[in-house]
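Asker: So I've got this file, start-v4.cif, and it contains mmCIF, C-alpha atoms:
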data_my_file
#
loop_
_atom_site.label_atom_id
_atom_site.label_comp_id
_atom_site.auth_asym_id
_atom_site.auth_seq_id
_atom_site.Cartn_x
_atom_site.Cartn_y
_atom_site.Cartn_z
CA MET A 144 -194.28 -45.63 173.18
CA LYS A 145 -191.82 -47.44 175.35
CA ARG A 146 -189.58 -45.05 177.17
CA SER A 147 -186.02 -45.32 175.87
CA ASN A 148 -183.07 -45.60 178.22
CA ASP A 149 -180.75 -44.33 175.49
CA PRO A 150 -180.44 -40.76 176.86
CA ILE A 151 -178.88 -42.11 180.08
CA PHE A 152 -176.24 -44.07 178.18
CA TRP A 153 -175.53 -41.22 175.79
CA SER A 154 -175.13 -38.76 178.69
CA LEU A 155 -172.65 -41.08 180.38
CA PHE A 156 -170.89 -41.53 177.02
CA GLY A 157 -170.66 -37.77 176.54
CA ALA A 158 -169.56 -37.03 180.09
CA GLY A 159 -166.85 -39.73 179.95
CA GLY A 160 -165.68 -38.62 176.54
CA MET A 161 -165.44 -35.01 177.67
CA LEU A 162 -163.71 -35.79 180.97
CA SER A 163 -161.15 -38.06 179.27
CA ALA A 164 -160.54 -35.46 176.56
CA LEU A 165 -160.04 -32.66 179.08
CA ILE A 166 -157.82 -34.32 181.73
CA GLY A 167 -157.23 -37.93 180.59
CA ALA A 168 -153.86 -37.38 178.95
CA ALA A 169 -152.48 -35.64 182.06
CA LEU A 170 -153.70 -38.48 184.30
CA VAL A 171 -152.20 -41.17 182.06
CA PHE A 172 -148.88 -39.33 181.96
CA VAL A 173 -148.72 -38.79 185.72
CA THR A 174 -149.85 -42.24 186.90
CA GLY A 175 -148.22 -44.32 184.16
CA ILE A 176 -145.05 -42.43 183.20
CA GLY A 177 -144.32 -39.45 185.46
CA VAL A 178 -144.57 -41.15 188.84
CA PRO A 179 -142.91 -44.48 187.84
CA LEU A 180 -139.93 -42.66 186.26
CA GLY A 181 -139.88 -39.57 188.51
CA LEU A 182 -140.38 -37.45 185.40
CA LEU A 183 -141.75 -33.89 185.98
CA VAL A 184 -143.61 -35.06 189.10
CA SER A 185 -142.33 -36.43 192.39
CA GLN A 186 -141.82 -40.19 192.50
CA ASP A 187 -143.55 -40.05 195.90
CA LEU A 188 -146.63 -38.33 194.52
CA MET A 189 -148.74 -41.49 194.72
CA ARG A 190 -147.26 -42.97 197.90
CA TYR A 191 -149.64 -44.96 200.08
CA GLN A 192 -150.32 -42.44 202.86
CA ARG A 193 -151.04 -39.63 200.43
CA MET A 194 -153.35 -41.68 198.21
CA LEU A 195 -155.13 -43.08 201.24
CA GLY A 196 -155.74 -39.52 202.45
CA PHE A 197 -156.97 -38.61 198.97
CA ALA A 198 -159.36 -41.56 198.92
CA GLN A 199 -160.65 -40.66 202.41
CA HIS A 200 -161.58 -37.12 201.42
CA TRP A 201 -165.04 -36.71 199.92
CA LEU A 202 -163.68 -34.74 196.97
CA GLY A 203 -161.04 -37.41 196.32
CA LYS A 204 -163.74 -40.07 196.41
CA ILE A 205 -165.82 -38.18 193.84
CA ILE A 206 -162.82 -37.64 191.54
CA VAL A 207 -161.66 -41.28 191.67
CA PHE A 208 -165.18 -42.63 191.16
CA ALA A 209 -166.03 -40.16 188.38
CA VAL A 210 -162.85 -40.88 186.42
CA ILE A 211 -163.17 -44.67 186.62
CA ALA A 212 -166.94 -44.92 186.06
CA LEU A 213 -167.29 -42.27 183.35
CA PHE A 214 -164.25 -43.50 181.39
CA LEU A 215 -165.75 -47.01 181.46
CA TRP A 216 -169.25 -45.96 180.35
CA HIS A 217 -167.79 -43.81 177.59
CA ALA A 218 -165.79 -46.79 176.33
CA ALA A 219 -168.73 -49.19 176.79
CA LEU A 220 -170.98 -47.37 174.36
CA ARG A 221 -168.25 -47.04 171.75
CA ILE A 222 -167.22 -50.69 172.04
CA PHE A 223 -170.88 -51.75 171.80
CA HIS A 224 -171.30 -49.79 168.58
CA MET A 225 -167.92 -50.98 167.30
CA LEU A 226 -169.09 -54.60 167.64
CA HIS A 227 -172.00 -53.69 165.35
CA ASP A 228 -169.55 -52.13 162.88
CA PHE A 229 -167.62 -55.40 162.82
CA GLY A 230 -170.78 -57.41 162.18
CA VAL A 231 -171.60 -58.55 165.73
CA HIS A 232 -175.15 -57.33 166.09
CA ALA A 233 -176.77 -56.05 169.22
CA GLY A 234 -177.92 -59.19 171.00
CA THR A 235 -178.31 -60.04 174.63
CA GLY A 236 -174.72 -61.36 174.77
CA ALA A 237 -173.17 -58.19 173.36
CA LYS A 238 -175.27 -56.08 175.71
CA LEU A 239 -174.38 -58.21 178.73
CA VAL A 240 -170.65 -57.87 178.03
CA CYS A 241 -170.66 -54.20 176.97
CA PHE A 242 -172.93 -52.92 179.72
CA GLY A 243 -172.73 -55.65 182.37
CA LEU A 244 -168.95 -55.38 182.82
CA PRO A 245 -168.92 -51.58 183.25
CA LEU A 246 -171.88 -51.91 185.63
CA LEU A 247 -169.95 -54.45 187.74
CA CYS A 248 -166.85 -52.23 187.68
CA THR A 249 -168.94 -49.19 188.65
CA ILE A 250 -170.42 -51.03 191.64
CA ALA A 251 -166.94 -52.26 192.62
CA ALA A 252 -165.50 -48.74 192.30
CA ALA A 253 -168.34 -47.32 194.41
CA TYR A 254 -167.78 -50.01 197.06
CA TRP A 255 -164.00 -49.45 197.26
CA VAL A 256 -164.33 -45.66 197.17
CA LEU A 257 -166.80 -45.79 200.07
CA THR A 258 -164.93 -48.37 202.16
CA THR A 259 -161.25 -47.40 201.64
CA GLY A 260 -159.65 -46.30 204.87
CA VAL A 261 -162.90 -46.36 206.85
CA MET B 88 -182.06 -66.85 154.96
CA SER B 89 -178.33 -66.83 154.36
CA ALA B 90 -176.80 -66.24 150.95
CA GLN B 91 -175.77 -69.91 150.59
CA MET B 92 -179.30 -71.24 151.19
CA ASP B 93 -180.90 -69.07 148.54
CA LYS B 94 -181.23 -71.03 145.24
CA ARG B 95 -180.84 -67.84 143.21
CA ARG B 96 -177.47 -67.27 144.85
CA PRO B 97 -177.76 -63.48 144.60
CA TYR B 98 -174.56 -61.47 144.82
CA VAL B 99 -174.17 -60.10 148.29
CA ARG B 100 -171.24 -57.78 148.68
CA SER B 101 -169.19 -58.76 151.69
CA MET B 102 -169.10 -56.24 154.52
CA ALA B 103 -165.84 -57.68 155.86
CA GLY B 104 -163.22 -54.97 156.19
CA TRP B 105 -165.65 -52.30 154.94
CA TRP B 106 -163.94 -49.66 157.03
CA THR B 107 -160.58 -50.14 155.27
CA ARG B 108 -162.08 -49.00 151.95
CA ASP B 109 -162.01 -45.29 152.64
CA PRO B 110 -159.63 -43.11 154.70
CA TYR B 111 -162.69 -41.44 156.22
CA TYR B 112 -163.89 -44.80 157.60
CA ILE B 113 -160.38 -45.62 158.83
CA ARG B 114 -160.32 -42.37 160.80
CA TYR B 115 -163.79 -43.18 162.13
CA MET B 116 -162.64 -46.62 163.26
CA ALA B 117 -159.44 -45.20 164.81
CA MET B 118 -161.60 -42.76 166.77
CA GLU B 119 -163.90 -45.54 167.97
CA ALA B 120 -160.96 -47.81 168.81
CA THR B 121 -159.47 -45.28 171.25
CA SER B 122 -162.25 -46.41 173.59
CA VAL B 123 -160.57 -49.79 174.10
CA LEU B 124 -157.53 -48.20 175.76
CA VAL B 125 -159.70 -45.71 177.66
CA ALA B 126 -161.42 -48.76 179.18
CA VAL B 127 -158.09 -50.49 179.87
CA TYR B 128 -156.79 -47.39 181.65
CA ALA B 129 -159.95 -47.16 183.77
CA VAL B 130 -159.45 -50.81 184.77
CA ILE B 131 -155.79 -50.11 185.69
CA LEU B 132 -157.01 -47.32 188.00
CA LEU B 133 -159.76 -49.56 189.38
CA VAL B 134 -157.16 -52.20 190.28
CA GLY B 135 -155.12 -49.46 191.99
CA LEU B 136 -158.18 -48.43 193.99
CA ALA B 137 -158.83 -52.05 194.99
CA ARG B 138 -155.18 -52.44 196.05
CA LEU B 139 -155.38 -49.20 198.02
CA SER B 140 -158.37 -50.51 199.95
CA GLN B 141 -156.45 -53.70 200.77
CA GLY B 142 -153.63 -51.89 202.56
CA GLU B 143 -150.09 -50.64 202.12
CA ALA B 144 -148.37 -53.84 200.95
CA ALA B 145 -150.99 -54.55 198.28
CA TYR B 146 -150.94 -50.93 197.09
CA ASN B 147 -147.12 -50.82 196.89
CA GLY B 148 -147.26 -53.96 194.73
CA TRP B 149 -149.48 -52.07 192.28
CA LEU B 150 -147.09 -49.09 192.30
CA ASP B 151 -144.16 -51.42 191.60
CA ALA B 152 -146.03 -53.02 188.71
CA LEU B 153 -146.47 -49.55 187.20
CA LYS B 154 -142.66 -49.15 187.28
CA SER B 155 -141.97 -52.09 184.97
CA PRO B 156 -140.68 -51.05 181.53
CA LEU B 157 -143.56 -52.94 179.94
CA SER B 158 -146.07 -50.90 181.91
CA VAL B 159 -144.33 -47.58 181.18
CA GLY B 160 -144.17 -48.42 177.47
CA PHE B 161 -147.82 -49.41 177.48
CA HIS B 162 -148.72 -46.11 179.16
CA VAL B 163 -146.85 -44.23 176.42
CA LEU B 164 -149.18 -45.98 173.95
CA ILE B 165 -152.21 -45.14 176.12
CA LEU B 166 -151.04 -41.51 176.26
CA LEU B 167 -150.82 -41.31 172.44
CA VAL B 168 -154.28 -42.85 172.14
CA PHE B 169 -155.70 -40.35 174.67
CA ALA B 170 -154.16 -37.50 172.69
CA TYR B 171 -155.85 -38.84 169.54
CA HIS B 172 -159.10 -39.24 171.46
CA THR B 173 -158.92 -35.57 172.55
CA TRP B 174 -158.31 -34.44 168.99
CA SER B 175 -161.04 -36.62 167.44
CA TRP B 176 -163.51 -35.78 170.24
CA PHE B 177 -163.37 -32.07 169.41
CA LYS B 178 -163.12 -32.77 165.68
CA ILE B 179 -166.63 -34.33 165.75
CA MET B 180 -167.87 -31.85 168.36
CA PRO B 181 -169.42 -29.45 165.78
CA LYS B 182 -171.50 -32.37 164.46
CA THR B 183 -172.62 -33.64 167.86
CA MET B 184 -173.65 -30.37 169.50
CA PRO B 185 -176.54 -28.04 168.68
CA THR B 186 -175.66 -25.34 166.16
CA ILE B 187 -174.58 -22.07 167.76
CA TYR B 188 -175.53 -18.81 166.10
CA LEU B 189 -173.48 -15.69 166.69
CA GLY B 190 -175.04 -12.49 165.36
CA GLY B 191 -177.15 -14.45 162.91
CA THR B 192 -174.33 -16.53 161.44
CA LYS B 193 -173.44 -20.12 162.30
CA LEU B 194 -170.35 -20.54 164.43
CA PRO B 195 -167.85 -22.14 161.99
CA GLN B 196 -166.89 -25.77 162.70
CA PRO B 197 -163.11 -25.18 163.02
CA ALA B 198 -163.81 -22.52 165.67
CA ILE B 199 -165.64 -25.10 167.81
CA THR B 200 -162.95 -27.75 167.30
CA TRP B 201 -160.05 -25.44 168.08
CA THR B 202 -161.76 -23.92 171.11
CA GLY B 203 -162.20 -27.44 172.49
CA VAL B 204 -158.63 -28.45 171.73
CA VAL B 205 -157.22 -25.29 173.36
CA VAL B 206 -159.40 -25.79 176.48
CA ALA B 207 -158.28 -29.44 176.67
CA VAL B 208 -154.58 -28.53 176.35
CA VAL B 209 -154.93 -25.83 179.03
CA LEU B 210 -156.81 -28.13 181.45
CA ASN B 211 -154.37 -31.03 180.92
CA LEU B 212 -151.43 -28.70 181.58
CA LEU B 213 -153.23 -27.27 184.62
CA VAL B 214 -153.70 -30.76 186.12
CA LEU B 215 -150.04 -31.52 185.38
CA ALA B 216 -148.91 -28.21 186.91
CA ILE B 217 -150.95 -28.81 190.07
CA LEU B 218 -149.49 -32.30 190.48
CA MET B 219 -145.96 -31.02 189.72
CA GLY B 220 -146.45 -28.55 192.55
CA VAL B 221 -147.15 -31.29 195.13
CA LYS B 222 -144.13 -31.47 197.41
CA PRO B 223 -142.61 -34.91 198.12
#
Turn this file's structure into structure tokens for me.
Answerer:
Amino acid sequence: MKRSNDPIFWSLFGAGGMLSALIGAALVFVTGIGVPLGLLVSQDLMRYQRMLGFAQHWLGKIIVFAVIALFLWHAALRIFHMLHDFGVHAGTGAKLVCFGLPLLCTIAAAYWVLTTGV
Amino acid sequence: MSAQMDKRRPYVRSMAGWWTRDPYYIRYMAMEATSVLVAVYAVILLVGLARLSQGEAAYNGWLDALKSPLSVGFHVLILLVFAYHTWSWFKIMPKTMPTIYLGGTKLPQPAITWTGVVVAVVLNLLVLAILMGVKP
């Protein structure tokens, strides 16, 4: 039997779904509402020097990469299955878009996380 | 062979809009659709990371873009969708995880859902509290 690569995708789906469920709302509030409006958090929270320092620290790199990549792979699997639900069936095109784009974004995120402030 | 090409012209019930036929399917689709904004938010962060790597001016441009009323309003929508994602994620949790037995009886589904929701609320508030504590 051909070895399935499904477990990898489902693990990424599960990890992304769990991470976004556990801390996603707080992140969205802080980066998209709190910081821009100075609501509950300091308006300077995400200023350049601080975020650069965050992105230079190994823990910061892991957090930034994990959030971006796992959120994307979680969404990729759901969007891929949603296409099927709407009658677009799993072909090469659907797979290329649903898994190729997150793969590109993951590589880009890894590159920027590793090179920022070096 | 498509329905039109078949000489017998058998009745094939259209699948278009199948998910609007039952509130259960609508909730399923709403749950699946949260993923679109999860992806959009990840891309917003990815752009921020790219801008950060390009230097201070580029990064400040991204920060300014986040301040526009359109962006703030859009993030309110993303926030609502994330909240629904959190709820629906733990709502289906009892069906997606292996059954847990406690003293010979199955752990009831609402117990799993509510444990997850409480943990999520606590962790979200913890992240917020930590970030609120960061001095300017």
Asker: Take the PyMOL selection byres ((chain A and resi 163) around 8), run it mentally on this structure, and tell me the resulting residues as a PDB file with C-alpha atoms, in the frame of the given file.
Answerer:
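Final file, result-v1.pdb:
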ATOM      1  CA  GLY A 159    -166.850 -39.730 179.950  1.00  0.00           C
ATOM      2  CA  GLY A 160    -165.680 -38.620 176.540  1.00  0.00           C
ATOM      3  CA  MET A 161    -165.440 -35.010 177.670  1.00  0.00           C
ATOM      4  CA  LEU A 162    -163.710 -35.790 180.970  1.00  0.00           C
ATOM      5  CA  ALA A 164    -160.540 -35.460 176.560  1.00  0.00           C
ATOM      6  CA  LEU A 165    -160.040 -32.660 179.080  1.00  0.00           C
ATOM      7  CA  ILE A 166    -157.820 -34.320 181.730  1.00  0.00           C
ATOM      8  CA  GLY A 167    -157.230 -37.930 180.590  1.00  0.00           C
ATOM      9  CA  ALA A 168    -153.860 -37.380 178.950  1.00  0.00           C
ATOM     10  CA  VAL A 210    -162.850 -40.880 186.420  1.00  0.00           C
ATOM     11  CA  PHE A 214    -164.250 -43.500 181.390  1.00  0.00           C
TER      12      PHE A 214
ATOM     13  CA  VAL B 125    -159.700 -45.710 177.660  1.00  0.00           C
ATOM     14  CA  PHE B 169    -155.700 -40.350 174.670  1.00  0.00           C
ATOM     15  CA  THR B 173    -158.920 -35.570 172.550  1.00  0.00           C
TER      16      THR B 173
END
Asker: Looking at all atoms listed in the file, which of A:Leu213, A:Val261, A:Val231, A:Ala218 is the one that sits closest to chain B?
Answerer: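 Smallest distance to chain B is found for A:Ala218.
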Asker: Check which residues satisfy the PyMOL selection byres ((chain A) within 6 of (chain B)) in the file shown, then give them as a list of chain:residue names.
Answerer: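 Answer for the PyMOL selection byres ((chain A) within 6 of (chain B)): A:Ala164, A:Leu165, A:Ile166, A:Ala168, A:Ala169, A:Val171, A:Gly175, A:Ile176, A:Pro179, A:Val184, A:Ser185, A:Asp187, A:Ile211, A:Leu215, A:Ala218, A:Arg221, A:Thr259.
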Asker: Give me, as a list in words, all polymer residues having an atom no more than 12 Å from Pro195 (chain B), counting all atoms listed in the file and skipping those fewer than 4 positions away in the same chain.
Answerer: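 Here the qualifying residues turn out to be Met180, Pro181, Lys182, Thr186, Ile187, Tyr188, Leu189, Ile199, Thr200, Trp201 and Thr202 of chain B.
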Asker: Tell me, in Å to one decimal, how far CA of Thr174 (chain A) is from CA of Val256 (chain A).
Answerer: 18.1 Å
Asker: Quick one: pull the distance between CA of Phe242 (chain A) and CA of Ala198 (chain A), Å, one decimal.
Answerer: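 The value is 26.1 Å.
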Asker: Could you give me the centre and size, in Å to one decimal, of an axis-aligned box around all listed atoms of region 217-224 of chain A with 6 Å added on every side, as AutoDock Vina command-line options?
Answerer:
--center_x -168.5 --center_y -47.8 --center_z 173.1 --size_x 17.5 --size_y 19.9 --size_z 21.0
Asker: Please write the residues picked by the PyMOL selection byres ((chain A and resi 146-155) around 8) on this file as a PyMOL selection string.
Answerer: chain A and resi 144-145+156-159+213+216-217+220
Asker: Please reconstruct the missing atoms of region 152-177 of chain B (target: N, CA and C atoms) and return them as a tab-separated table (two decimals), in the frame of the given file.
Answerer:
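File produced: result-v2.tsv:
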chain	number	residue	atom	x	y	z
B	152	ALA	N	-145.65	-52.51	190.03
B	152	ALA	CA	-146.03	-53.02	188.71
B	152	ALA	C	-146.04	-51.89	187.69
B	153	LEU	N	-146.44	-50.70	188.11
B	153	LEU	CA	-146.47	-49.55	187.20
B	153	LEU	C	-145.06	-49.14	186.77
B	154	LYS	N	-144.05	-49.56	187.60
B	154	LYS	CA	-142.66	-49.15	187.28
B	154	LYS	C	-142.01	-50.04	186.24
B	155	SER	N	-142.60	-51.18	185.94
B	155	SER	CA	-141.97	-52.09	184.97
B	155	SER	C	-141.91	-51.42	183.60
B	156	PRO	N	-140.82	-51.67	182.86
B	156	PRO	CA	-140.68	-51.05	181.53
B	156	PRO	C	-141.86	-51.36	180.62
B	157	LEU	N	-142.40	-52.56	180.75
B	157	LEU	CA	-143.56	-52.94	179.94
B	157	LEU	C	-144.74	-52.02	180.22
B	158	SER	N	-144.96	-51.76	181.52
B	158	SER	CA	-146.07	-50.90	181.91
B	158	SER	C	-145.85	-49.47	181.42
B	159	VAL	N	-144.61	-48.96	181.60
B	159	VAL	CA	-144.33	-47.58	181.18
B	159	VAL	C	-144.52	-47.45	179.66
B	160	GLY	N	-144.00	-48.44	178.92
B	160	GLY	CA	-144.17	-48.42	177.47
B	160	GLY	C	-145.63	-48.45	177.07
B	161	PHE	N	-146.40	-49.29	177.77
B	161	PHE	CA	-147.82	-49.41	177.48
B	161	PHE	C	-148.54	-48.08	177.77
B	162	HIS	N	-148.11	-47.40	178.84
B	162	HIS	CA	-148.72	-46.11	179.16
B	162	HIS	C	-148.37	-45.03	178.14
B	163	VAL	N	-147.18	-45.16	177.52
B	163	VAL	CA	-146.85	-44.23	176.42
B	163	VAL	C	-147.86	-44.41	175.29
B	164	LEU	N	-148.17	-45.69	174.98
B	164	LEU	CA	-149.18	-45.98	173.95
B	164	LEU	C	-150.54	-45.43	174.37
B	165	ILE	N	-150.92	-45.65	175.64
B	165	ILE	CA	-152.21	-45.14	176.12
B	165	ILE	C	-152.25	-43.61	176.00
B	166	LEU	N	-151.11	-42.97	176.34
B	166	LEU	CA	-151.04	-41.51	176.26
B	166	LEU	C	-151.28	-41.02	174.83
B	167	LEU	N	-150.63	-41.69	173.85
B	167	LEU	CA	-150.82	-41.31	172.44
B	167	LEU	C	-152.28	-41.48	172.04
B	168	VAL	N	-152.88	-42.58	172.49
B	168	VAL	CA	-154.28	-42.85	172.14
B	168	VAL	C	-155.21	-41.80	172.78
B	169	PHE	N	-154.90	-41.40	174.02
B	169	PHE	CA	-155.70	-40.35	174.67
B	169	PHE	C	-155.57	-39.03	173.90
B	170	ALA	N	-154.35	-38.73	173.45
B	170	ALA	CA	-154.16	-37.50	172.69
B	170	ALA	C	-155.01	-37.54	171.41
B	171	TYR	N	-155.03	-38.71	170.75
B	171	TYR	CA	-155.85	-38.84	169.54
B	171	TYR	C	-157.33	-38.75	169.88
B	172	HIS	N	-157.70	-39.32	171.02
B	172	HIS	CA	-159.10	-39.24	171.46
B	172	HIS	C	-159.51	-37.77	171.65
B	173	THR	N	-158.62	-36.99	172.31
B	173	THR	CA	-158.92	-35.57	172.55
B	173	THR	C	-159.13	-34.84	171.23
B	174	TRP	N	-158.21	-35.09	170.28
B	174	TRP	CA	-158.31	-34.44	168.99
B	174	TRP	C	-159.61	-34.84	168.28
B	175	SER	N	-159.88	-36.15	168.19
B	175	SER	CA	-161.04	-36.62	167.44
B	175	SER	C	-162.35	-36.23	168.14
B	176	TRP	N	-162.31	-36.17	169.48
B	176	TRP	CA	-163.51	-35.78	170.24
B	176	TRP	C	-163.97	-34.37	169.85
B	177	PHE	N	-163.00	-33.44	169.76
B	177	PHE	CA	-163.37	-32.07	169.41
B	177	PHE	C	-163.54	-31.89	167.91
